[in-house]
Amino acid sequence: MGRLQKILIPFLGLVLAFWFYSARENFKPEMLKGKRVIVTGASTGIGEQMAYHLARMGSHILITARTEAKLQKVVERCLELGAASARYVSGTMEDMAFAEHVVKEAETSLGGLDMLILNHVGTSYFGYFNGDVGHVRKLLEINFLSYVAMTTSALPMLKASEGSIVVVSSMAGKVGFPFTVPYSATKFALDGFFSSLRQEFSIQSVNVSITLCILGFIDTEMLRGKRVIVTGASSGIGEQMAYHLARMEAHLLLTARTEAKLQKVAKRCLELGAASARYVSGSMEDTAFPEVVVKEAENTWGGLDVLILNHIGYTYFNYFNGDVEHIRKLLEINFLSYVAMTVSALPMLKESEGSIVVVSSVAGKTAAPFSAPYSATKFALDGFFSSLRHEFIIDKVNVSITLCILGYINTENAVRAVSHAIQDTPAPKEECALEIIKSGVLRRRELHYPSRAVGSLLLLRDIAPDFLDSLIRSSYKVENIRRT
Ligand SMILES: NC(=O)c1ccc[n+]([C@@H]2O[C@H](COP(=O)([O-])OP(=O)(O)OC[C@H]3O[C@@H](n4cnc5c(N)ncnc54)[C@H](OP(=O)(O)O)[C@@H]3O)[C@@H](O)[C@H]2O)c1
């Protein structure tokens, strides 16, 4: 009975706590209709997207950031989306007077304030701490002290409306990760300040809520201004990676065979905020082409930070047909061109202490039927890049290698090729693309996406390989595979 009580009571407590908190989750978009909201850092990224959501919900929006031209466009879009009103003030949060001026503007033009969303961040570097105290001071001014100044100025209005303060922070403000020392300090400071202030509000019965948002550890500025090559960028996951990187304001060099598609993707990337976007079209079957792409990066940027190898050549999804020439061609596209690009790009990547991201598949870790040529090329990638990673560590080469092990993803080509034989629901390509970028930036050894499905597959491969093989076979609609 004692033991039962020890387990049962905490368990019941957890269930009740979960029920209590989930019962409070009754958000309705109408709640924000007509509300007066300030969003800082709203010219791009998450801030821009928040402005659009608020606009759809019919709020009065006041946005701010440095770049007037971008703010103008966001305001226009907010009005199109149905904002009750939308206006902007441009200026830098390095200037405390400006932080207060934004709040004054809300008072004058909106006559009060219901929600203050603090979201802006200054530019920092992603690398070893360089000892520059001046930079830490400046970043504190932008990322932390301006949040305090705006809160102080806005508090009388927020008390009157019983409003909310939303502070956008990061995992880097909860846990110490490498390469983000100044940024991390500012985000920890936000946690300390606003969590303590929340307690004081509670003691003083001030009915203003404070929400601290801990976002996953991919902060858009980690890729701002970085020079990135994405191969296979004309469609599927590669195209989606290009769009994510564009939103993060990276410089992009895209490649694939179809020029018309690349042109469209590059144009969209520029609209989404890429620092620059260009393309080179050609086939990776051509042994000279990988070097051409890398040379293009060298000539335009004089360096490279991230090399994302993602393209694949066409193959059949069927019983192995004995065609050795096809395997030779597929090895050239899916494997040897990856090696060739790595070799050409390595001097630049060493210089920038950059990253190589290799997009592979579960078919490169555990074999399934009907994909012998494809599977061979993906296993080859694992062998080559996992061995190279060892050598980099031995040689103290500070270039990371991330191998991405993907399950079934809903790209047009993949769905067209296998949906008649595979029963699983494919995972979304947009999320997959973002996970690949995150793993690369965080210099992870491997990404398993979707994590649960791929993780359990790999676990089974190690502990019960025969069982896994029979499971894979039984999951295929073999009757739908017609021998060619
Ligand atoms: N989707 C999935 O279910 C899935 C699952 C596991 C792993 N993956 C991996 O994820 C990556 C992307 O897959 P995806 O589904 O996004 O593929 P996708 O939509 O078919 O895209 C393939 C890309 O490669 C380019 N390409 C094809 N042949 C080429 C060649 N000879 N030379 C240069 N580029 C060429 C294509 O553009 P052009 O035709 O214009 O050249 C396209 O941009 C691949 O490495 C794949 O193995 C995907």
# chains A, B, ... in the order shown; residues from 1 in each chain; ligands from 1
>>> residues_around(residues="Glu68 in chain A", least_positions_apart="5", cutoff="12 Å", atoms="only C-alpha atoms", output="PyMOL selection string")
chain A and resi 41-44+63+73-75+87-92
>>> write_last_selection(atoms="C-alpha atoms", output="PDB file, in the first residue's frame")
ATOM      1  CA  GLY A  41      11.744  42.954 -34.910  1.00  0.00           C
ATOM      2  CA  ALA A  42       8.828  42.624 -37.314  1.00  0.00           C
ATOM      3  CA  SER A  43      10.525  43.302 -40.648  1.00  0.00           C
ATOM      4  CA  THR A  44      11.550  39.639 -41.174  1.00  0.00           C
ATOM      5  CA  ILE A  63       5.527  47.170 -35.866  1.00  0.00           C
ATOM      6  CA  LYS A  73       5.886  46.073 -47.158  1.00  0.00           C
ATOM      7  CA  VAL A  74       4.895  44.178 -43.982  1.00  0.00           C
ATOM      8  CA  VAL A  75       2.380  46.914 -43.108  1.00  0.00           C
ATOM      9  CA  ARG A  87       1.593  51.262 -38.899  1.00  0.00           C
ATOM     10  CA  TYR A  88       5.352  51.189 -38.345  1.00  0.00           C
ATOM     11  CA  VAL A  89       8.159  53.128 -36.691  1.00  0.00           C
ATOM     12  CA  SER A  90      11.687  52.467 -37.899  1.00  0.00           C
ATOM     13  CA  GLY A  91      14.810  52.891 -35.804  1.00  0.00           C
ATOM     14  CA  THR A  92      17.438  51.032 -33.828  1.00  0.00           C
TER      15      THR A  92
END
>>> residues_near_ligand(ligand="ligand 1", cutoff="6 Å", atoms="only C-alpha atoms and all ligand atoms", output="MDAnalysis selection string")
chainID A and resid 232:238 256:258 283:285 310:313 333 359:361 406:411 413:414
>>> select_by_dssp(residues="range 195-234 of chain A", states="helix (DSSP H, G or I)", output="MDAnalysis selection string")
chainID A and resid 195:203 220:222
>>> closest_residue(among="A:Leu331, A:Val399, A:Val441, A:Ile394", to="Glu353 in chain A", atoms="only C-alpha atoms")
A:Val399
>>> residues_around(residues="range 350-352 of chain A", least_positions_apart="3", cutoff="9 Å", atoms="only C-alpha atoms", output="PyMOL selection string")
chain A and resi 303-305+345-347+355+397-399
>>> select_by_dssp(residues="range 164-308 of chain A", states="strand (DSSP E or B)", output="MDAnalysis selection string")
chainID A and resid 164:170 209:215 227:231 251:256 276:281 306:308
>>> residues_around(residues="Met96 in chain A", least_positions_apart="5", cutoff="9 Å", atoms="only C-alpha atoms", output="VMD selection string")
chain A and resid 101 141 to 142 145 to 146 149 to 150
>>> residues_around(residues="Tyr476 in chain A", least_positions_apart="4", cutoff="8 Å", atoms="only C-alpha atoms", output="VMD selection string")
chain A and resid 421 to 423 472
>>> write_last_selection(atoms="C-alpha atoms", output="CSV table (one decimal), in the first residue's frame")
chain,number,residue,atom,x,y,z
A,421,ALA,CA,3.7,0.2,-52.6
A,422,ILE,CA,4.2,1.9,-49.2
A,423,GLN,CA,1.4,2.3,-46.7
A,472,ILE,CA,9.8,-4.1,-43.7
>>> closest_residue(among="A:Glu239, A:Asp132, A:Glu162, A:Glu200", to="Ala433 in chain A", atoms="only C-alpha atoms")
A:Glu239
>>> atom_distance(atom1="CA of Gln199 in chain A", atom2="CA of Met171 in chain A")
21.6 Å
>>> residues_around(residues="Ala84 in chain A", least_positions_apart="3", cutoff="7 Å", atoms="only C-alpha atoms", output="ChimeraX atom specification")
/A:34,58-60
>>> residues_around(residues="Arg224 in chain A", least_positions_apart="5", cutoff="6 Å", atoms="only C-alpha atoms", output="MDAnalysis selection string")
chainID A and resid 248:250
>>> write_last_selection(atoms="N, CA and C atoms", output="PDB file, in the first residue's frame")
ATOM      1  N   MET A 248      16.202  33.079 -43.394  1.00  0.00           N
ATOM      2  CA  MET A 248      17.257  33.319 -42.402  1.00  0.00           C
ATOM      3  C   MET A 248      18.330  34.263 -42.943  1.00  0.00           C
ATOM      4  N   GLU A 249      18.088  34.793 -44.154  1.00  0.00           N
ATOM      5  CA  GLU A 249      18.939  35.817 -44.761  1.00  0.00           C
ATOM      6  C   GLU A 249      20.338  35.328 -45.114  1.00  0.00           C
ATOM      7  N   ALA A 250      20.420  34.075 -45.563  1.00  0.00           N
ATOM      8  CA  ALA A 250      21.714  33.547 -46.007  1.00  0.00           C
ATOM      9  C   ALA A 250      21.965  33.952 -47.462  1.00  0.00           C
TER      10      ALA A 250
END
>>> atom_distance(atom1="CA of Ser400 in chain A", atom2="CA of Arg444 in chain A")
7.7 Å
